file entry_4.txt (compact mmCIF, C-alpha atoms)
# COMPACT_ATOMS: atom_id res chain seq x y z
CA PRO A 59 3.35 -32.22 -29.48
CA ARG A 60 5.83 -29.59 -28.51
CA ALA A 61 4.61 -26.51 -26.64
CA ALA A 62 5.86 -22.96 -27.08
CA SER A 63 7.38 -21.50 -23.95
CA ALA A 64 5.41 -18.80 -22.14
CA GLN A 65 8.14 -16.30 -23.02
CA GLY A 66 7.95 -17.11 -26.73
CA GLY A 67 11.29 -18.92 -26.70
CA PRO A 68 12.16 -22.34 -28.12
CA GLN A 69 9.44 -24.96 -28.04
CA LEU A 70 9.51 -27.43 -25.17
CA ASP A 71 8.89 -31.14 -25.35
CA PRO A 72 6.34 -31.87 -22.58
CA ALA A 73 8.14 -35.13 -21.96
CA GLN A 74 11.29 -33.19 -21.09
CA ALA A 75 9.65 -30.27 -19.27
CA THR A 76 9.56 -30.06 -15.50
CA PRO A 77 6.24 -29.96 -13.62
CA ALA A 78 6.82 -26.25 -12.87
CA GLN A 79 7.30 -25.54 -16.59
CA LEU A 80 4.19 -27.52 -17.43
CA VAL A 81 2.17 -25.52 -14.89
CA THR A 82 3.06 -22.38 -16.84
CA LEU A 83 2.56 -23.93 -20.26
CA ALA A 84 -0.80 -25.45 -19.36
CA ALA A 85 -2.02 -22.18 -17.81
CA THR A 86 -0.96 -20.27 -20.94
CA ALA A 87 -2.85 -22.69 -23.17
CA LEU A 88 -5.90 -22.33 -20.93
CA ASP A 89 -5.73 -18.53 -21.15
CA GLN A 90 -5.59 -18.87 -24.93
CA LYS A 91 -8.70 -21.09 -24.80
CA LYS A 92 -6.76 -24.04 -26.19
CA TYR A 93 -8.53 -26.35 -23.81
CA ALA A 94 -7.44 -29.68 -25.28
CA ASP A 95 -3.81 -28.56 -25.26
CA ALA A 96 -4.13 -27.27 -21.69
CA LEU A 97 -5.55 -30.60 -20.59
CA SER A 98 -2.82 -32.54 -22.36
CA LEU A 99 -0.07 -30.42 -20.79
CA ALA A 100 -1.63 -30.61 -17.33
CA ARG A 101 -1.86 -34.39 -17.55
CA ALA A 102 1.73 -34.58 -18.73
CA GLY A 103 2.71 -32.67 -15.61
CA LEU A 104 0.54 -34.81 -13.35
CA ALA A 105 2.24 -37.90 -14.68
CA LYS A 106 5.40 -36.51 -13.08
CA ASP A 107 3.84 -34.90 -10.00
CA SER A 108 0.44 -36.36 -9.21
CA SER A 109 -0.08 -34.13 -6.15
CA ASN A 110 0.43 -30.82 -7.96
CA GLY A 111 -2.67 -28.82 -7.10
CA ALA A 112 -2.11 -26.17 -9.77
CA LEU A 113 -2.00 -28.80 -12.50
CA HIS A 114 -5.15 -30.50 -11.19
CA LEU A 115 -6.99 -27.16 -11.26
CA THR A 116 -5.82 -26.36 -14.79
CA ALA A 117 -7.00 -29.79 -15.88
CA ALA A 118 -10.31 -29.16 -14.11
CA ARG A 119 -10.87 -25.84 -15.85
CA ALA A 120 -9.99 -27.31 -19.22
CA LEU A 121 -12.35 -30.24 -18.71
CA ALA A 122 -15.17 -27.94 -17.60
CA ALA A 123 -14.67 -25.81 -20.72
CA LEU A 124 -14.84 -29.00 -22.79
CA GLY A 125 -18.16 -29.87 -21.15
CA GLN A 126 -16.83 -32.78 -19.09
CA THR A 127 -18.16 -31.68 -15.71
CA ASP A 128 -17.84 -34.98 -13.85
CA GLN A 129 -14.19 -35.31 -14.76
CA ALA A 130 -13.63 -31.63 -13.95
CA VAL A 131 -15.02 -32.20 -10.46
CA ASP A 132 -12.72 -35.21 -10.06
CA GLU A 133 -9.74 -32.96 -10.74
CA VAL A 134 -10.96 -30.30 -8.31
CA VAL A 135 -11.35 -32.94 -5.63
CA ALA A 136 -7.79 -34.09 -6.33
CA ALA A 137 -6.56 -30.48 -6.01
CA ALA A 138 -8.45 -30.02 -2.75
CA THR A 139 -7.01 -33.28 -1.45
CA ALA A 140 -3.51 -31.98 -2.19
CA GLN A 141 -4.23 -28.61 -0.53
CA PRO A 142 -7.31 -29.03 1.69
CA ASP A 143 -7.10 -25.56 3.27
CA ALA A 144 -6.73 -23.63 0.00
CA LEU A 145 -9.76 -21.62 -1.10
CA THR A 146 -8.78 -21.85 -4.79
CA SER A 147 -10.06 -25.40 -5.28
CA TYR A 148 -13.49 -24.70 -3.82
CA ALA A 149 -13.83 -21.39 -5.69
CA THR A 150 -12.91 -23.17 -8.93
CA PHE A 151 -15.59 -25.76 -8.24
CA ILE A 152 -18.21 -23.06 -7.76
CA SER A 153 -17.28 -21.45 -11.07
CA PHE A 154 -18.39 -24.58 -12.93
CA PHE A 155 -22.02 -23.86 -12.02
CA PRO A 156 -22.75 -20.22 -13.00
CA THR A 157 -26.55 -20.37 -13.29
CA ALA A 158 -29.30 -21.21 -10.82
CA ASP A 159 -30.12 -24.50 -12.56
CA ALA A 160 -26.46 -25.47 -12.79
CA ALA A 161 -25.91 -24.55 -9.13
CA MET A 162 -28.63 -27.00 -8.08
CA LYS A 163 -26.73 -29.71 -9.94
CA GLY A 164 -23.48 -28.60 -8.31
CA ILE A 165 -24.93 -29.12 -4.83
CA GLY A 166 -25.19 -32.78 -5.68
CA TYR A 167 -21.41 -33.06 -5.58
CA GLY A 168 -21.22 -31.81 -2.00
CA SER A 169 -20.39 -35.15 -0.43
CA ARG A 170 -17.14 -35.26 -2.43
CA PHE A 171 -15.59 -32.66 -0.09
CA GLU A 172 -16.77 -34.01 3.27
CA GLY A 173 -13.67 -36.08 3.90
CA ILE A 174 -11.28 -33.38 2.67
CA ASN A 175 -12.33 -30.15 4.37
CA ALA A 176 -15.99 -30.11 5.36
CA ALA A 177 -15.88 -26.45 6.35
CA TRP A 178 -14.75 -25.24 2.94
CA GLY A 179 -17.05 -27.78 1.31
CA ASP A 180 -20.04 -26.39 3.19
CA TRP A 181 -19.00 -22.86 2.20
CA ALA A 182 -18.99 -23.91 -1.45
CA MET A 183 -22.39 -25.61 -1.12
CA GLY A 184 -23.76 -22.52 0.57
CA GLN A 185 -22.58 -20.37 -2.31
CA LEU A 186 -24.32 -22.66 -4.79
CA ALA A 187 -27.48 -22.69 -2.68
CA GLN A 188 -27.51 -18.88 -2.75
CA ARG A 189 -26.99 -18.92 -6.48
CA SER A 190 -30.03 -21.14 -6.83
CA SER A 191 -32.05 -18.85 -4.50
CA GLN A 192 -32.28 -21.43 -1.71
CA MET A 193 -31.42 -19.04 1.09
CA ASP A 194 -32.49 -21.23 4.01
CA LEU A 195 -30.42 -24.08 2.63
CA ALA A 196 -27.47 -21.73 2.21
CA LEU A 197 -27.69 -20.65 5.85
CA LYS A 198 -27.84 -24.30 6.88
CA TYR A 199 -24.65 -25.05 4.97
CA TYR A 200 -22.88 -22.03 6.45
CA ALA A 201 -23.87 -23.08 9.98
CA GLN A 202 -22.55 -26.58 9.29
CA GLY A 203 -19.36 -25.07 7.94
CA LEU A 204 -18.78 -23.05 11.09
CA GLU A 205 -19.30 -26.14 13.19
CA ALA A 206 -16.86 -28.09 11.02
CA ALA A 207 -14.33 -25.27 11.27
CA MET A 208 -14.11 -25.86 15.02
CA ARG A 209 -12.33 -29.12 14.25
CA LEU A 210 -9.65 -27.49 12.08
CA THR A 211 -6.16 -26.57 13.25
CA ASN A 212 -6.17 -23.26 11.37
CA PRO A 213 -9.80 -22.25 10.89
CA ARG A 214 -9.42 -18.47 10.54
CA ALA A 215 -9.63 -18.20 6.74
CA VAL A 216 -12.69 -20.40 6.35
CA ARG A 217 -14.40 -18.75 9.32
CA GLU A 218 -13.87 -15.35 7.73
CA ALA A 219 -15.33 -16.63 4.46
CA LEU A 220 -18.34 -18.16 6.19
CA TYR A 221 -19.04 -15.06 8.27
CA ALA A 222 -18.78 -12.89 5.16
CA ALA A 223 -21.10 -15.20 3.24
CA VAL A 224 -23.84 -15.01 5.88
CA LEU A 225 -23.63 -11.23 6.14
CA THR A 226 -23.73 -10.89 2.36
CA LEU A 227 -26.74 -13.17 2.16
CA HIS A 228 -28.69 -11.00 4.63
CA ALA A 229 -27.57 -7.84 2.85
CA ASP A 230 -28.67 -9.20 -0.52
CA GLN A 231 -32.05 -9.94 1.05
CA LYS A 232 -32.12 -6.38 2.46
CA ASP A 233 -32.56 -7.98 5.87
CA ALA A 234 -30.87 -5.45 8.15
CA ALA A 235 -32.21 -7.09 11.30
CA GLY A 236 -30.88 -10.51 10.32
CA LEU A 237 -27.57 -8.95 9.32
CA ILE A 238 -27.15 -7.22 12.69
CA LYS A 239 -28.17 -10.32 14.64
CA ALA A 240 -25.67 -12.46 12.76
CA ALA A 241 -22.86 -9.93 13.07
CA ASP A 242 -23.39 -9.44 16.80
CA GLY A 243 -23.55 -13.18 17.42
CA TYR A 244 -20.42 -13.95 15.44
CA ALA A 245 -18.48 -11.03 16.90
CA ASN A 246 -19.34 -12.01 20.46
CA ASN A 247 -18.50 -15.67 19.91
CA ASP A 248 -15.26 -15.02 18.02
CA PRO A 249 -13.59 -11.97 19.64
CA PRO A 250 -10.38 -12.08 17.55
CA LEU A 251 -12.45 -11.63 14.40
CA GLY A 252 -15.07 -9.41 16.05
CA PRO A 253 -13.82 -6.08 14.65
CA SER A 254 -13.62 -7.33 11.06
CA ILE A 255 -17.08 -8.91 11.34
CA ARG A 256 -18.64 -5.71 12.65
CA LEU A 257 -16.85 -3.55 10.06
CA ALA A 258 -18.20 -5.77 7.30
CA ALA A 259 -21.67 -5.34 8.80
CA VAL A 260 -21.17 -1.58 8.87
CA ASP A 261 -20.33 -1.56 5.17
CA HIS A 262 -23.43 -3.58 4.33
CA LEU A 263 -25.64 -1.35 6.47
CA ILE A 264 -24.25 1.76 4.82
CA ALA A 265 -24.99 0.24 1.41
CA LEU A 266 -28.54 -0.49 2.61
CA GLY A 267 -28.96 3.13 3.70
CA ASP A 268 -29.24 2.20 7.38
CA SER A 269 -26.90 4.82 8.82
CA ALA A 270 -28.33 4.62 12.34
CA ASP A 271 -27.58 0.92 12.77
CA ALA A 272 -24.25 1.32 10.98
CA LYS A 273 -23.24 3.89 13.60
CA LYS A 274 -24.29 1.56 16.40
CA GLU A 275 -22.13 -1.25 15.05
CA LEU A 276 -19.25 1.15 14.55
CA ASP A 277 -19.65 2.42 18.11
CA GLN A 278 -19.30 -1.15 19.30
CA VAL A 279 -16.05 -1.60 17.37
CA ALA A 280 -14.70 1.65 18.80
CA ASP A 281 -15.76 0.66 22.31
CA ASP A 282 -13.93 -2.64 21.93
CA LEU A 283 -10.74 -0.69 21.22
CA GLY A 284 -10.89 0.76 24.72
CA GLY A 285 -9.19 -2.29 26.16
CA SER A 286 -6.20 -1.96 23.85
CA ALA A 287 -3.54 0.66 24.38
CA THR A 288 -2.11 0.12 20.90
CA PRO A 289 -4.72 -1.24 18.49
CA PRO A 290 -3.57 -2.03 14.94
CA ASP A 291 -3.22 1.08 12.79
CA ALA A 292 -5.29 -0.53 10.05
CA LEU A 293 -8.21 -1.06 12.43
CA VAL A 294 -8.16 2.53 13.69
CA LEU A 295 -7.99 3.84 10.12
CA ALA A 296 -10.84 1.56 9.09
CA ILE A 297 -13.05 2.99 11.82
CA VAL A 298 -12.03 6.54 10.94
CA GLN A 299 -12.85 6.04 7.27
CA ARG A 300 -16.30 4.76 8.09
CA ARG A 301 -16.92 7.54 10.63
CA GLU A 302 -16.21 10.02 7.87
CA THR A 303 -18.43 8.15 5.43
CA LEU A 304 -21.25 8.42 7.96
CA GLY A 305 -20.61 12.15 8.35
CA ASP A 306 -19.23 11.88 11.88
CA SER A 307 -15.95 13.72 11.38
CA ALA A 308 -15.81 14.78 15.02
CA ALA A 309 -15.75 11.18 16.23
CA ALA A 310 -13.12 10.32 13.62
CA LEU A 311 -10.94 13.19 14.80
CA LYS A 312 -11.39 12.20 18.44
CA LEU A 313 -10.28 8.65 17.71
CA LEU A 314 -7.20 9.80 15.81
CA ALA A 315 -6.30 12.21 18.59
CA LYS A 316 -6.38 9.32 21.06
CA TYR A 317 -4.16 6.91 19.15
CA ALA A 318 -1.94 8.97 16.83
CA THR A 319 1.61 9.14 18.16
CA PRO A 320 5.05 9.70 16.61
CA LYS A 321 5.45 5.92 16.67
CA ASP A 322 2.46 5.54 14.34
CA PRO A 323 3.18 7.63 11.24
CA ALA A 324 0.16 6.27 9.35
CA LEU A 325 -2.18 7.45 12.10
CA LEU A 326 -0.31 10.69 12.51
CA ASP A 327 -0.64 11.37 8.79
CA ALA A 328 -4.37 10.66 8.92
CA TYR A 329 -4.70 12.89 11.98
CA ALA A 330 -2.99 15.79 10.21
CA THR A 331 -5.24 15.31 7.19
CA ALA A 332 -8.33 15.32 9.39
CA LEU A 333 -7.16 18.47 11.20
CA GLN A 334 -6.34 20.38 8.03
CA PRO A 335 -9.78 21.85 7.19
CA ASP A 336 -10.57 23.37 10.59
CA HIS A 337 -7.24 23.31 12.43
CA PRO A 338 -4.56 24.07 9.83
CA ASP A 339 -2.03 25.28 12.40
CA GLN A 340 -2.16 21.98 14.28
CA ALA A 341 -1.93 20.05 11.03
CA LEU A 342 1.11 22.07 9.98
CA LYS A 343 2.82 21.38 13.31
CA ILE A 344 2.31 17.64 12.90
CA ARG A 345 3.69 17.78 9.35
CA GLN A 346 6.73 19.69 10.56
CA ASP A 347 7.37 17.16 13.33
CA MET A 348 7.03 14.21 10.94
CA ALA A 349 9.44 15.75 8.44
CA ALA A 350 11.93 16.56 11.20
CA ALA A 351 11.75 13.02 12.58
CA ASP A 352 12.46 11.46 9.18
CA PRO A 353 14.06 14.10 6.92
CA THR A 354 14.96 11.52 4.26
CA ASN A 355 11.33 10.63 3.56
CA PRO A 356 10.20 12.70 0.55
CA ARG A 357 6.54 11.93 1.15
CA TYR A 358 6.64 13.71 4.49
CA LEU A 359 8.15 16.78 2.84
CA ILE A 360 5.50 16.74 0.13
CA SER A 361 2.78 16.63 2.78
CA LEU A 362 4.51 19.45 4.67
CA ALA A 363 4.66 21.52 1.50
CA GLN A 364 0.95 20.98 0.94
CA ALA A 365 0.19 22.03 4.52
CA ARG A 366 2.27 25.18 4.10
CA ALA A 367 0.51 25.98 0.84
CA THR A 368 -2.89 25.56 2.47
CA SER A 369 -1.78 27.90 5.25
CA GLY A 370 -0.89 30.54 2.66
CA ASP A 371 2.90 30.12 2.81
CA SER A 372 3.54 29.70 -0.91
CA ALA A 373 7.24 30.50 -0.65
CA GLY A 374 7.70 27.98 2.15
CA ALA A 375 5.77 25.36 0.21
CA LEU A 376 7.96 25.77 -2.88
CA ARG A 377 11.14 25.66 -0.79
CA THR A 378 10.00 22.43 0.83
CA LEU A 379 9.26 20.93 -2.57
CA ASP A 380 12.76 21.87 -3.67
CA ASP A 381 14.12 20.03 -0.62
CA ALA A 382 12.07 16.96 -1.49
CA ALA A 383 13.35 17.03 -5.07
CA HIS A 384 16.87 16.33 -3.79
CA LEU A 385 15.84 13.07 -2.08
CA GLY A 386 16.51 10.61 -4.86
CA ALA A 387 14.47 9.68 -7.91
CA THR A 388 11.26 9.19 -5.93
CA GLY A 389 11.61 12.55 -4.23
CA ARG A 390 12.27 14.26 -7.53
CA GLU A 391 9.24 12.68 -9.20
CA LEU A 392 6.90 13.41 -6.29
CA ALA A 393 8.16 16.97 -5.91
CA THR A 394 7.84 17.69 -9.62
CA SER A 395 4.27 16.40 -9.69
CA ALA A 396 3.31 18.35 -6.57
CA ARG A 397 4.98 21.52 -7.79
CA LEU A 398 3.23 21.45 -11.15
CA ARG A 399 -0.14 20.80 -9.58
CA TYR A 400 0.39 23.61 -7.12
CA LEU A 401 1.34 26.07 -9.86
CA ILE A 402 -1.77 25.09 -11.80
CA THR A 403 -3.94 25.44 -8.70
CA ILE A 404 -2.80 29.00 -8.04
CA GLY A 405 -3.19 29.95 -11.69
CA LEU A 406 0.46 30.17 -12.72
CA LEU A 407 -0.17 28.25 -15.91
CA LYS A 408 2.75 29.69 -17.88
CA GLU A 409 5.18 28.76 -15.13
CA ALA A 410 3.64 25.28 -14.97
CA GLY A 411 3.99 24.91 -18.72
CA ASP A 412 7.63 26.01 -18.63
CA GLU A 413 8.40 23.51 -15.89
CA LEU A 414 6.58 20.74 -17.71
CA ALA A 415 8.55 21.49 -20.89
CA ALA A 416 11.79 21.41 -18.96
CA GLU A 417 10.80 18.25 -17.15
CA SER A 418 9.96 16.43 -20.39
CA THR A 419 13.66 16.13 -21.10
CA HIS A 420 13.91 13.88 -18.03
CA GLN A 421 11.11 11.60 -19.35
CA SER A 422 9.14 11.69 -16.10
CA GLY A 423 6.21 9.99 -17.85
CA ASP A 424 3.53 11.62 -15.66
CA TYR A 425 0.92 12.01 -18.40
CA SER A 426 -1.72 12.97 -15.84
CA LEU A 427 0.21 16.19 -15.31
CA MET A 428 0.22 16.96 -19.03
CA LEU A 429 -3.53 16.42 -19.12
CA ALA A 430 -3.97 18.63 -16.05
CA VAL A 431 -2.02 21.46 -17.67
CA GLY A 432 -4.00 21.14 -20.88
CA ARG A 433 -7.32 21.26 -19.06
CA SER A 434 -6.22 24.25 -17.01
CA TRP A 435 -5.45 26.19 -20.16
call {"tool": "encode", "arguments": {"input": "entry_4.txt", "output": "structure tokens"}}
result
Amino acid sequence: PRAASAQGGPQLDPAQATPAQLVTLAATALDQKKYADALSLARAGLAKDSSNGALHLTAARALAALGQTDQAVDEVVAAATAQPDALTSYATFISFFPTADAAMKGIGYGSRFEGINAAWGDWAMGQLAQRSSQMDLALKYYAQGLEAAMRLTNPRAVREALYAAVLTLHADQKDAAGLIKAADGYANNDPPLGPSIRLAAVDHLIALGDSADAKKELDQVADDLGGSATPPDALVLAIVQRRETLGDSAAALKLLAKYATPKDPALLDAYATALQPDHPDQALKIRQDMAAADPTNPRYLISLAQARATSGDSAGALRTLDDAAHLGATGRELATSARLRYLITIGLLKEAGDELAAESTHQSGDYSLMLAVGRSW
């Protein structure tokens, strides 16, 4: 049978379609719950490209939906064989066993992945063991997976998944002690991933209400930064965000003060934001320096305008917004939004309404502003 193209164009003869076209057609049929059609299209594609992982996975999902689990697993194994380091195949396999009873059955297929990628296979088995409430078995699989990962050329992704799985298991069990022990052990044994492991532990501990231990883990991450003159911005910001979540704004500010430089605009922006409540003059100075260093960046001018407004310089804030409005379409949109919100904030609702009416002729499409004006009135 012919298949309609994904774009609704002329129908395609599967025999004439390329494997790439059949990937799209089969996926579309699957999304439409036309499982038999999806399977037929996937198999037509595999007849032309037997190692196409996407087609194997579409066939697997279609077969699973048709209740043919054994054949679905065969297709997942074929997909994993084609791309042994790709998470997608193992995650698809797990999805076939959504209940505790089904998960126990799924564990029985574990040997199928041993010769492909044992580390990802053990991760998948661990997930199913958790789903069937066999926590000790899950931990055993995860430990085996970490051992198997040592034999891989590029083990980072599977290690991250295995570490995350163990921490989540302890968190689900409300086992803060086990969580901390695992995080500390993994972080010490795998220094490159240490910060991300400890940050994940911090998030779990916060969710468990264990702020004291969360702070200790966060202190360890911050201490580890001491040996780096230029740690990644994302890592510093991650620590800052969690410091603030734990109510330790002073420590967050201290960290930003240490690492924020003109070469790190993301950190500098965060530093100015952190300074704003208690040190508005310092925040304003940073905003001025950032805008001067990159006068073509409308976002810096918007932030400068907001700092001036907070400092009570309404005229200066509006002038800065006017400057931002001249920096292309993005500048105009950002400045218009900021200006309207500022007028609403200071109670100039008529002026905000007039500007919104005038702006509607430019079709800005910022419906949140219209709603804001309506609520203010």
call {"tool": "residues_around", "arguments": {"input": "entry_4.txt", "residues": "stretch 309-320 of chain A", "least_positions_apart": "3", "cutoff": "6 Å", "atoms": "only C-alpha atoms", "output": "JSON, numbers by chain"}}
result
{"A": [298, 301, 306, 325, 326, 329]}
call {"tool": "closest_residue", "arguments": {"input": "entry_4.txt", "among": "A:Leu333, A:Pro338, A:Thr288, A:Ala265", "to": "A:Lys321", "atoms": "all atoms listed in the file"}}
result
A:Thr288
call {"tool": "residues_around", "arguments": {"input": "entry_4.txt", "residues": "stretch 150-160 of chain A", "least_positions_apart": "6", "cutoff": "8 Å", "atoms": "all atoms listed in the file", "output": "PyMOL selection string"}}
result
chain A and resi 115+119+122+127+131+134+182+185-186+189-191
call {"tool": "closest_residue", "arguments": {"input": "entry_4.txt", "among": "A:Asp380, A:Asp336, A:Asp371, A:Asp143", "to": "A:Pro356", "atoms": "only C-alpha atoms"}}
result
A:Asp380
call {"tool": "atom_distance", "arguments": {"input": "entry_4.txt", "atom1": "atom CA of A:Asp327", "atom2": "atom CA of A:Tyr358"}}
result
8.8 Å
call {"tool": "residues_around", "arguments": {"input": "entry_4.txt", "residues": "stretch 235-249 of chain A", "least_positions_apart": "2", "cutoff": "9 Å", "atoms": "all atoms listed in the file", "output": "PyMOL selection string"}}
result
chain A and resi 221+224-229+232-233+251-256+258-259+262-263+271+275
call {"tool": "atom_distance", "arguments": {"input": "entry_4.txt", "atom1": "atom CA of A:Ala416", "atom2": "atom CA of A:Arg377"}}
result
18.7 Å
call {"tool": "atom_distance", "arguments": {"input": "entry_4.txt", "atom1": "atom CA of A:Thr403", "atom2": "atom CA of A:Ala382"}}
result
19.5 Å
call {"tool": "residues_around", "arguments": {"input": "entry_4.txt", "residues": "A:Tyr93", "least_positions_apart": "2", "cutoff": "10 Å", "atoms": "only C-alpha atoms", "output": "compact mmCIF listing (two decimals) with C-alpha atoms, keeping the file's coordinate frame"}}
result
# COMPACT_ATOMS: atom_id res chain seq x y z
CA ALA A 84 -0.80 -25.45 -19.36
CA ALA A 85 -2.02 -22.18 -17.81
CA ALA A 87 -2.85 -22.69 -23.17
CA LEU A 88 -5.90 -22.33 -20.93
CA ASP A 89 -5.73 -18.53 -21.15
CA GLN A 90 -5.59 -18.87 -24.93
CA LYS A 91 -8.70 -21.09 -24.80
CA ASP A 95 -3.81 -28.56 -25.26
CA ALA A 96 -4.13 -27.27 -21.69
CA LEU A 97 -5.55 -30.60 -20.59
CA SER A 98 -2.82 -32.54 -22.36
CA LEU A 99 -0.07 -30.42 -20.79
CA THR A 116 -5.82 -26.36 -14.79
CA ALA A 117 -7.00 -29.79 -15.88
CA ARG A 119 -10.87 -25.84 -15.85
CA ALA A 120 -9.99 -27.31 -19.22
CA LEU A 121 -12.35 -30.24 -18.71
CA ALA A 122 -15.17 -27.94 -17.60
CA ALA A 123 -14.67 -25.81 -20.72
CA LEU A 124 -14.84 -29.00 -22.79
call {"tool": "closest_residue", "arguments": {"input": "entry_4.txt", "among": "A:Ser361, A:Gln188, A:Ser269, A:Thr82", "to": "A:Tyr200", "atoms": "all atoms listed in the file"}}
result
A:Gln188
call {"tool": "closest_residue", "arguments": {"input": "entry_4.txt", "among": "A:Lys408, A:Ala207, A:Gln346, A:Ala351", "to": "A:Ala375", "atoms": "only C-alpha atoms"}}
result
A:Gln346
call {"tool": "closest_residue", "arguments": {"input": "entry_4.txt", "among": "A:Ala161, A:Ala341, A:Leu145, A:Ala415", "to": "A:Gln192", "atoms": "all atoms listed in the file"}}
result
A:Ala161
call {"tool": "decode", "arguments": {"input": "entry_4.txt", "residues": "stretch 243-249 of chain A", "atoms": "all heavy atoms", "output": "PDB file, in the first residue's frame"}}
result
ATOM      1  N   GLY A 243      31.261   8.070  47.549  1.00  0.00           N
ATOM      2  CA  GLY A 243      32.107   7.046  46.956  1.00  0.00           C
ATOM      3  C   GLY A 243      32.297   7.248  45.463  1.00  0.00           C
ATOM      4  O   GLY A 243      33.426   7.189  44.952  1.00  0.00           O
ATOM      5  N   TYR A 244      31.205   7.524  44.772  1.00  0.00           N
ATOM      6  CA  TYR A 244      31.301   7.730  43.318  1.00  0.00           C
ATOM      7  C   TYR A 244      32.099   8.987  42.989  1.00  0.00           C
ATOM      8  O   TYR A 244      32.913   8.995  42.062  1.00  0.00           O
ATOM      9  CB  TYR A 244      29.899   7.843  42.710  1.00  0.00           C
ATOM     10  CG  TYR A 244      29.072   6.587  42.773  1.00  0.00           C
ATOM     11  CD1 TYR A 244      27.678   6.641  42.871  1.00  0.00           C
ATOM     12  CD2 TYR A 244      29.670   5.326  42.736  1.00  0.00           C
ATOM     13  CE1 TYR A 244      26.907   5.491  42.923  1.00  0.00           C
ATOM     14  CE2 TYR A 244      28.907   4.163  42.801  1.00  0.00           C
ATOM     15  CZ  TYR A 244      27.519   4.254  42.889  1.00  0.00           C
ATOM     16  OH  TYR A 244      26.768   3.119  42.943  1.00  0.00           O
ATOM     17  N   ALA A 245      31.853  10.049  43.735  1.00  0.00           N
ATOM     18  CA  ALA A 245      32.549  11.314  43.456  1.00  0.00           C
ATOM     19  C   ALA A 245      34.052  11.189  43.685  1.00  0.00           C
ATOM     20  O   ALA A 245      34.857  11.734  42.923  1.00  0.00           O
ATOM     21  CB  ALA A 245      31.974  12.430  44.320  1.00  0.00           C
ATOM     22  N   ASN A 246      34.430  10.465  44.716  1.00  0.00           N
ATOM     23  CA  ASN A 246      35.857  10.290  45.010  1.00  0.00           C
ATOM     24  C   ASN A 246      36.547   9.382  43.995  1.00  0.00           C
ATOM     25  O   ASN A 246      37.719   9.580  43.662  1.00  0.00           O
ATOM     26  CB  ASN A 246      36.036   9.725  46.418  1.00  0.00           C
ATOM     27  CG  ASN A 246      35.648  10.722  47.499  1.00  0.00           C
ATOM     28  OD1 ASN A 246      35.758  11.927  47.302  1.00  0.00           O
ATOM     29  ND2 ASN A 246      35.195  10.218  48.635  1.00  0.00           N
ATOM     30  N   ASN A 247      35.805   8.400  43.492  1.00  0.00           N
ATOM     31  CA  ASN A 247      36.398   7.449  42.549  1.00  0.00           C
ATOM     32  C   ASN A 247      36.365   7.940  41.099  1.00  0.00           C
ATOM     33  O   ASN A 247      37.079   7.398  40.247  1.00  0.00           O
ATOM     34  CB  ASN A 247      35.669   6.101  42.634  1.00  0.00           C
ATOM     35  CG  ASN A 247      35.948   5.375  43.935  1.00  0.00           C
ATOM     36  OD1 ASN A 247      37.025   5.529  44.518  1.00  0.00           O
ATOM     37  ND2 ASN A 247      34.989   4.602  44.406  1.00  0.00           N
ATOM     38  N   ASP A 248      35.535   8.932  40.827  1.00  0.00           N
ATOM     39  CA  ASP A 248      35.379   9.432  39.462  1.00  0.00           C
ATOM     40  C   ASP A 248      35.400  10.961  39.488  1.00  0.00           C
ATOM     41  O   ASP A 248      34.383  11.617  39.279  1.00  0.00           O
ATOM     42  CB  ASP A 248      34.059   8.931  38.871  1.00  0.00           C
ATOM     43  CG  ASP A 248      33.988   9.076  37.359  1.00  0.00           C
ATOM     44  OD1 ASP A 248      34.830   9.810  36.801  1.00  0.00           O
ATOM     45  OD2 ASP A 248      33.093   8.468  36.737  1.00  0.00           O
ATOM     46  N   PRO A 249      36.575  11.559  39.763  1.00  0.00           N
ATOM     47  CA  PRO A 249      36.675  13.015  39.941  1.00  0.00           C
ATOM     48  C   PRO A 249      36.077  13.855  38.808  1.00  0.00           C
ATOM     49  O   PRO A 249      35.442  14.880  39.092  1.00  0.00           O
ATOM     50  CB  PRO A 249      38.186  13.250  40.081  1.00  0.00           C
ATOM     51  CG  PRO A 249      38.698  11.969  40.644  1.00  0.00           C
ATOM     52  CD  PRO A 249      37.878  10.895  39.992  1.00  0.00           C
TER      53      PRO A 249
END
